[in-house]
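File shown: input.txt (compact mmCIF, C-alpha atoms).
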```txt
# COMPACT_ATOMS: atom_id res chain seq x y z
CA MET A 190 -54.08 35.38 -18.03
CA SER A 191 -50.41 36.27 -17.84
CA THR A 192 -48.00 34.03 -15.96
CA ASP A 193 -47.14 36.90 -13.61
CA MET A 194 -50.87 37.60 -12.96
CA ILE A 195 -50.21 41.31 -12.40
CA ASP A 196 -53.85 42.37 -12.74
CA GLU A 197 -55.15 39.51 -10.61
CA LYS A 198 -52.68 40.28 -7.82
CA ALA A 199 -53.70 43.94 -7.84
CA ARG A 200 -57.41 43.08 -7.66
CA ALA A 201 -56.88 40.65 -4.81
CA ALA A 202 -54.78 43.09 -2.78
CA ALA A 203 -57.36 45.87 -3.35
CA TRP A 204 -60.17 43.58 -2.15
CA PHE A 205 -58.34 42.70 1.07
CA LYS A 206 -57.81 46.40 1.76
CA SER A 207 -61.47 47.17 1.08
CA LEU A 208 -62.56 44.39 3.44
CA ARG A 209 -60.17 45.69 6.08
CA ASP A 210 -61.63 49.19 5.80
CA SER A 211 -65.21 47.97 6.24
CA ILE A 212 -64.35 45.82 9.26
CA VAL A 213 -62.37 48.57 10.99
CA ALA A 214 -65.28 50.99 10.52
CA ALA A 215 -67.79 48.44 11.83
CA PHE A 216 -65.70 47.63 14.91
CA GLU A 217 -65.22 51.29 15.78
CA GLY A 218 -68.98 51.65 15.35
CA LEU A 219 -69.50 48.93 17.98
CA GLU A 220 -67.24 50.87 20.33
CA ASP A 221 -69.27 54.05 19.79
CA SER A 222 -72.65 52.37 20.29
CA HIS A 223 -71.74 50.52 23.49
CA ASP A 224 -73.47 52.80 25.98
CA THR A 225 -74.87 50.30 28.53
CA GLY A 226 -73.43 47.33 30.36
CA PRO A 227 -69.86 46.48 31.39
CA PHE A 228 -67.15 48.93 30.27
CA SER A 229 -69.70 51.36 28.79
CA ASP A 230 -68.31 54.11 31.02
CA GLN A 231 -64.89 53.79 29.38
CA PRO A 232 -63.70 55.79 26.35
CA ALA A 233 -64.56 54.26 22.99
CA GLY A 234 -61.63 52.38 21.51
CA ARG A 235 -59.90 53.35 18.30
CA PHE A 236 -57.46 51.51 16.06
CA ASP A 237 -53.81 52.47 16.06
CA VAL A 238 -52.64 52.11 12.47
CA SER A 239 -49.02 51.62 11.44
CA GLU A 240 -47.22 50.51 8.32
CA THR A 241 -45.14 47.36 8.35
CA LYS A 242 -42.10 46.93 6.13
CA ARG A 243 -40.32 43.81 5.00
CA THR A 244 -36.74 43.86 3.70
CA ALA A 245 -35.05 41.16 1.65
CA GLU A 246 -31.67 39.74 2.66
CA ASP A 247 -29.96 42.02 0.12
CA GLY A 248 -31.66 45.05 1.65
CA SER A 249 -34.21 45.56 -1.13
CA ASP A 250 -37.90 46.24 -0.61
CA ALA A 251 -39.91 43.06 -0.06
CA GLY A 252 -43.34 44.52 0.62
CA GLY A 253 -45.18 45.10 3.84
CA GLY A 254 -48.64 45.99 5.00
CA LEU A 255 -50.88 47.84 7.38
CA MET A 256 -51.26 46.82 11.01
CA SER A 257 -54.39 48.10 12.75
CA VAL A 258 -54.68 47.25 16.45
CA MET A 259 -57.18 48.41 19.05
CA ARG A 260 -56.36 47.84 22.72
CA GLY A 261 -58.45 48.47 25.81
CA GLY A 262 -61.72 49.44 24.14
CA ARG A 263 -65.21 49.21 25.59
CA VAL A 264 -66.01 46.06 23.63
CA PHE A 265 -62.65 44.87 22.33
CA GLU A 266 -59.85 44.15 24.77
CA LYS A 267 -57.51 43.61 21.84
CA VAL A 268 -58.32 43.30 18.16
CA GLY A 269 -56.05 43.40 15.15
CA VAL A 270 -57.01 43.73 11.51
CA ASN A 271 -53.90 43.41 9.37
CA ILE A 272 -53.37 43.44 5.62
CA SER A 273 -50.18 42.59 3.83
CA GLU A 274 -48.68 42.38 0.38
CA VAL A 275 -45.26 40.75 0.40
CA TYR A 276 -42.97 39.38 -2.27
CA GLY A 277 -39.47 38.15 -2.92
CA ALA A 278 -37.80 34.73 -2.92
CA LEU A 279 -38.72 31.87 -0.65
CA GLY A 280 -35.88 30.69 1.56
CA GLU A 281 -34.79 27.08 1.50
CA ARG A 282 -36.83 26.04 4.55
CA ALA A 283 -39.96 27.72 3.23
CA GLN A 284 -39.44 26.06 -0.15
CA HIS A 285 -39.15 22.64 1.43
CA ALA A 286 -42.23 23.15 3.58
CA MET A 287 -44.31 24.34 0.66
CA ALA A 288 -43.07 21.77 -1.82
CA ALA A 289 -43.68 18.98 0.66
CA ARG A 290 -47.26 20.11 1.15
CA LYS A 291 -48.16 20.99 -2.42
CA GLY A 292 -45.76 19.03 -4.60
CA ILE A 293 -44.89 22.10 -6.69
CA PRO A 294 -42.12 21.39 -9.21
CA GLY A 295 -39.56 23.99 -10.22
CA MET A 296 -39.65 25.99 -7.00
CA LYS A 297 -35.95 25.53 -6.32
CA ASP A 298 -35.05 26.92 -9.76
CA ASP A 299 -37.37 29.92 -9.44
CA PRO A 300 -38.36 30.56 -5.80
CA ARG A 301 -40.13 33.88 -6.38
CA PHE A 302 -43.39 34.41 -4.52
CA TRP A 303 -46.07 37.01 -3.89
CA ALA A 304 -48.71 36.90 -1.18
CA SER A 305 -51.46 39.21 -0.02
CA GLY A 306 -54.18 38.81 2.54
CA ILE A 307 -56.13 40.02 5.54
CA SER A 308 -55.82 38.58 9.02
CA LEU A 309 -58.11 39.39 11.93
CA VAL A 310 -58.22 38.23 15.54
CA ALA A 311 -60.50 39.76 18.19
CA HIS A 312 -60.22 39.17 21.94
CA MET A 313 -63.16 40.66 23.80
CA GLN A 314 -63.61 42.47 27.12
CA ASN A 315 -66.78 40.58 28.07
CA PRO A 316 -66.34 36.80 28.44
CA HIS A 317 -69.86 36.29 27.09
CA VAL A 318 -68.76 37.73 23.72
CA PRO A 319 -66.89 35.13 21.65
CA ALA A 320 -63.39 35.70 20.34
CA VAL A 321 -63.14 35.35 16.58
CA HIS A 322 -60.59 34.81 13.84
CA MET A 323 -60.79 35.53 10.12
CA ASN A 324 -58.17 35.28 7.41
CA THR A 325 -58.24 35.18 3.62
CA ARG A 326 -55.28 35.32 1.28
CA MET A 327 -53.92 34.79 -2.21
CA PHE A 328 -50.53 33.22 -2.86
CA TRP A 329 -48.61 33.18 -6.15
CA THR A 330 -45.45 31.56 -7.43
CA PRO A 331 -44.41 31.21 -11.08
CA HIS A 332 -45.43 27.58 -10.78
CA ALA A 333 -48.83 27.81 -9.06
CA TRP A 334 -51.36 30.12 -7.40
CA TRP A 335 -54.02 29.53 -4.78
CA PHE A 336 -56.40 31.11 -2.29
CA GLY A 337 -56.97 30.18 1.32
CA GLY A 338 -58.60 31.22 4.55
CA GLY A 339 -61.86 31.25 6.44
CA SER A 340 -63.25 32.29 9.79
CA ASP A 341 -63.95 30.53 13.06
CA LEU A 342 -65.63 31.34 16.37
CA ASN A 343 -63.82 30.88 19.68
CA PRO A 344 -66.16 31.39 22.65
CA CYS A 345 -65.08 30.59 26.18
CA LEU A 346 -68.75 30.51 27.24
CA GLU A 347 -70.66 28.72 24.52
CA TYR A 348 -74.16 29.62 23.38
CA ASP A 349 -75.69 27.15 20.95
CA GLU A 350 -77.71 29.85 19.21
CA ASP A 351 -74.57 31.91 18.58
CA THR A 352 -72.81 28.93 17.04
CA ALA A 353 -75.86 28.19 14.88
CA HIS A 354 -76.06 31.78 13.63
CA PHE A 355 -72.37 31.96 12.80
CA HIS A 356 -72.50 28.75 10.78
CA HIS A 357 -75.81 29.61 9.09
CA VAL A 358 -74.41 32.87 7.71
CA GLN A 359 -71.30 31.08 6.44
CA LYS A 360 -73.46 28.49 4.69
CA ARG A 361 -75.67 31.16 3.11
CA HIS A 362 -72.64 32.88 1.58
CA LEU A 363 -71.06 29.64 0.34
CA ASP A 364 -74.13 27.92 -1.12
CA PRO A 365 -74.12 30.00 -4.35
CA HIS A 366 -70.70 28.50 -5.08
CA GLY A 367 -72.00 24.94 -4.72
CA GLU A 368 -74.09 23.40 -1.96
CA ASP A 369 -71.39 20.82 -1.28
CA LEU A 370 -68.89 23.56 -0.38
CA TYR A 371 -70.03 24.55 3.11
CA PRO A 372 -69.98 20.99 4.53
CA ARG A 373 -66.49 20.44 3.12
CA LEU A 374 -65.10 23.73 4.42
CA LYS A 375 -66.77 23.19 7.80
CA ASP A 376 -65.14 19.77 8.13
CA TRP A 377 -61.83 21.28 7.04
CA ALA A 378 -62.09 23.93 9.78
CA ASP A 379 -62.90 21.25 12.36
CA ASP A 380 -59.76 19.37 11.35
CA TYR A 381 -57.50 22.41 11.01
CA PHE A 382 -58.46 24.20 14.24
CA TYR A 383 -57.97 21.10 16.37
CA ILE A 384 -55.32 21.05 19.11
CA PRO A 385 -53.85 17.54 19.15
CA HIS A 386 -51.95 17.85 22.43
CA ARG A 387 -55.15 18.99 24.18
CA LYS A 388 -57.35 16.55 22.26
CA ARG A 389 -59.96 19.23 21.69
CA ALA A 390 -61.07 21.89 19.22
CA ARG A 391 -59.91 25.48 19.59
CA GLY A 392 -63.48 26.75 19.38
CA VAL A 393 -66.84 25.90 17.80
CA GLY A 394 -65.58 25.92 14.23
CA GLY A 395 -66.42 27.81 11.10
CA ILE A 396 -65.07 27.39 7.59
CA PHE A 397 -61.55 26.96 6.26
CA MET A 398 -59.84 26.22 2.95
CA ASP A 399 -56.32 26.18 1.65
CA ASP A 400 -54.61 25.51 -1.70
CA ARG A 401 -57.80 26.58 -3.50
CA ASN A 402 -57.11 26.44 -7.22
CA SER A 403 -60.00 25.09 -9.26
CA GLY A 404 -58.33 26.30 -12.47
CA ASP A 405 -60.79 29.21 -12.61
CA TRP A 406 -59.21 32.23 -10.93
CA GLU A 407 -62.35 34.39 -11.19
CA ALA A 408 -64.50 31.74 -9.50
CA ASP A 409 -61.99 31.16 -6.72
CA PHE A 410 -61.59 34.90 -6.16
CA ALA A 411 -65.37 35.30 -5.97
CA LEU A 412 -65.53 32.53 -3.37
CA THR A 413 -62.76 34.17 -1.36
CA GLN A 414 -64.63 37.49 -1.45
CA ASP A 415 -67.82 35.85 -0.20
CA ILE A 416 -65.94 34.26 2.69
CA GLY A 417 -64.88 37.79 3.59
CA ARG A 418 -68.35 39.22 3.09
CA ALA A 419 -69.83 36.63 5.43
CA PHE A 420 -67.73 37.76 8.37
CA LEU A 421 -69.52 40.89 9.61
CA PRO A 422 -73.11 39.55 9.35
CA ALA A 423 -71.97 36.33 11.03
CA TYR A 424 -70.20 38.04 13.92
CA LEU A 425 -71.63 41.50 14.66
CA PRO A 426 -75.05 40.27 15.89
CA LEU A 427 -73.31 38.03 18.42
CA VAL A 428 -71.34 40.95 19.82
CA GLU A 429 -74.45 43.11 20.03
CA GLN A 430 -76.37 40.30 21.76
CA ARG A 431 -73.77 39.52 24.45
CA ARG A 432 -71.79 42.68 25.18
CA THR A 433 -74.20 44.04 27.83
CA LEU A 434 -74.36 40.82 29.90
CA ALA A 435 -73.01 40.97 33.43
CA PHE A 436 -70.11 38.71 34.38
CA GLY A 437 -67.97 37.91 37.38
CA ALA A 438 -64.57 36.54 38.30
CA ALA A 439 -65.44 32.95 37.34
CA GLU A 440 -66.41 33.93 33.79
CA LYS A 441 -63.29 36.07 33.38
CA ASP A 442 -61.14 33.21 34.62
CA ALA A 443 -62.72 30.86 32.10
CA GLN A 444 -61.94 33.39 29.36
CA LEU A 445 -58.26 33.63 30.33
CA VAL A 446 -57.86 29.86 30.42
CA HIS A 447 -59.51 29.54 27.01
CA ARG A 448 -57.14 32.16 25.63
CA GLY A 449 -54.29 29.90 26.64
CA LEU A 450 -55.61 27.36 24.13
CA TYR A 451 -55.66 30.03 21.45
CA ALA A 452 -52.06 31.03 22.16
CA GLU A 453 -50.88 27.41 22.13
CA TYR A 454 -52.53 26.72 18.79
CA ASN A 455 -51.19 29.82 17.07
CA LEU A 456 -47.63 29.32 18.26
CA VAL A 457 -47.44 25.58 17.64
CA TYR A 458 -49.66 24.78 14.65
CA ASP A 459 -50.85 27.82 12.71
CA ARG A 460 -49.40 27.88 9.18
CA GLY A 461 -49.82 31.61 8.76
CA THR A 462 -47.79 32.34 11.90
CA LYS A 463 -45.04 29.99 10.79
CA PHE A 464 -44.94 31.43 7.27
CA GLY A 465 -44.89 35.03 8.47
CA LEU A 466 -41.99 34.45 10.84
CA GLU A 467 -40.14 32.24 8.35
CA THR A 468 -40.27 34.87 5.60
CA GLY A 469 -39.16 37.77 7.79
CA HIS A 470 -42.43 39.69 8.10
CA ASP A 471 -42.83 42.10 11.01
CA ALA A 472 -42.98 39.92 14.13
CA ASN A 473 -45.44 42.23 15.90
CA ALA A 474 -47.83 41.96 12.97
CA VAL A 475 -47.45 38.18 12.74
CA LEU A 476 -48.03 37.73 16.49
CA MET A 477 -50.88 40.24 16.62
CA SER A 478 -53.19 37.25 17.12
CA LEU A 479 -51.94 36.55 20.63
CA PRO A 480 -54.27 37.61 23.46
CA PRO A 481 -53.32 40.49 25.76
CA LEU A 482 -53.76 38.27 28.83
CA ALA A 483 -54.05 34.50 29.19
CA LYS A 484 -53.83 31.91 31.93
CA TRP A 485 -52.59 28.35 32.26
CA ILE A 486 -53.66 26.07 35.12
```
What would you get if you wrote out this structure as structure tokens?
Amino acid sequence: MSTDMIDEKARAAAWFKSLRDSIVAAFEGLEDSHDTGPFSDQPAGRFDVSETKRTAEDGSDAGGGLMSVMRGGRVFEKVGVNISEVYGALGERAQHAMAARKGIPGMKDDPRFWASGISLVAHMQNPHVPAVHMNTRMFWTPHAWWFGGGSDLNPCLEYDEDTAHFHHVQKRHLDPHGEDLYPRLKDWADDYFYIPHRKRARGVGGIFMDDRNSGDWEADFALTQDIGRAFLPAYLPLVEQRRTLAFGAAEKDAQLVHRGLYAEYNLVYDRGTKFGLETGHDANAVLMSLPPLAKWI
């Protein structure tokens, strides 16, 4: 394996794009098939797709990505599925933050980096349908590489059977990589998606990992792919089960209040949001995760 990992980077970026394509197609399929229940009389939603560009301080190309956002659909009130491939040199603040967390030597002397990933957040029309987040990524510097990400469910109206299904599918996809993995990544998600100032979890959990470098790139890439593959079978049945349920003003109010939690977490704690803004990525793409409407009481 070369130090620059050119082939590995290309394979990772291609996988994230492939996963993006399958999710976008599946979500537009949900829009097309929603023919009964709330909002079924509305036009089916479609993704607006735009390229994002990132420019280095000297004006040179620093990568970019593809932002795909659907607004005002039958099923999805707002959903974004973004992919990115960015590169350049880490600024001083980003270096300090990363070195403090990972203890990577040599970063100051050679601050080059490359990162690629997929990021998804879905906010739903029907309060009975849970919001969801998924992200997987690969990060490279000349001094280290790692994978990260996961997915978690964020219902405002909780159904125990939905939570159980979501977690069961995650476990089924992780068990081939070691039966100790799902419990560890579940606990990690519980810790990571916790809102300290509210003293509560953001949702009902899922799986999460960061700094994943076992020393075996192929094994870690395979794990990252299976985290991505778990997403649609974990989530689509929940949407199909709940999207036709009737709801009223009280349920919608509960949804808007819960979205306030989501916004607080992403703006205050989320590492991906901080990194994206710190490294000059398109702010609209970075903040795609924010809900279209929210409420604080």
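Here CA of Ala333 in chain A is placed at a distance of 20.8 Å from CA of Ala203 in chain A.
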Inset, instruction - Starting from the point (-50.3, 40.7, 17.2), work out which residues of protein, DNA or RNA have an atom no more than 12 Å away when counting only C-alpha atoms; state them as a ChimeraX atom specification. - result: /A:256-260,267-271,308-312,452,455-456,462,465,471-481
Inset, instruction - Name the residues within 12 Å of (-37.5, 44.3, -0.7), counting only C-alpha atoms in the file's coordinates, and put them as an MDAnalysis selection string. - result: chainID A and resid 242:253 274:278 303 468:470
Legend entry - Distance query range 429-435 of chain A at most 7 Å, all atoms listed in the file, self and fewer than 3 positions along chain excluded, as a PyMOL selection string: chain A and resi 225-227+264+315+317-318+425-426
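Among the candidates A:Val457, A:Leu412, A:Asp237, A:Phe336, the one nearest to Pro385 in chain A when counting all atoms listed in the file is A:Val457.
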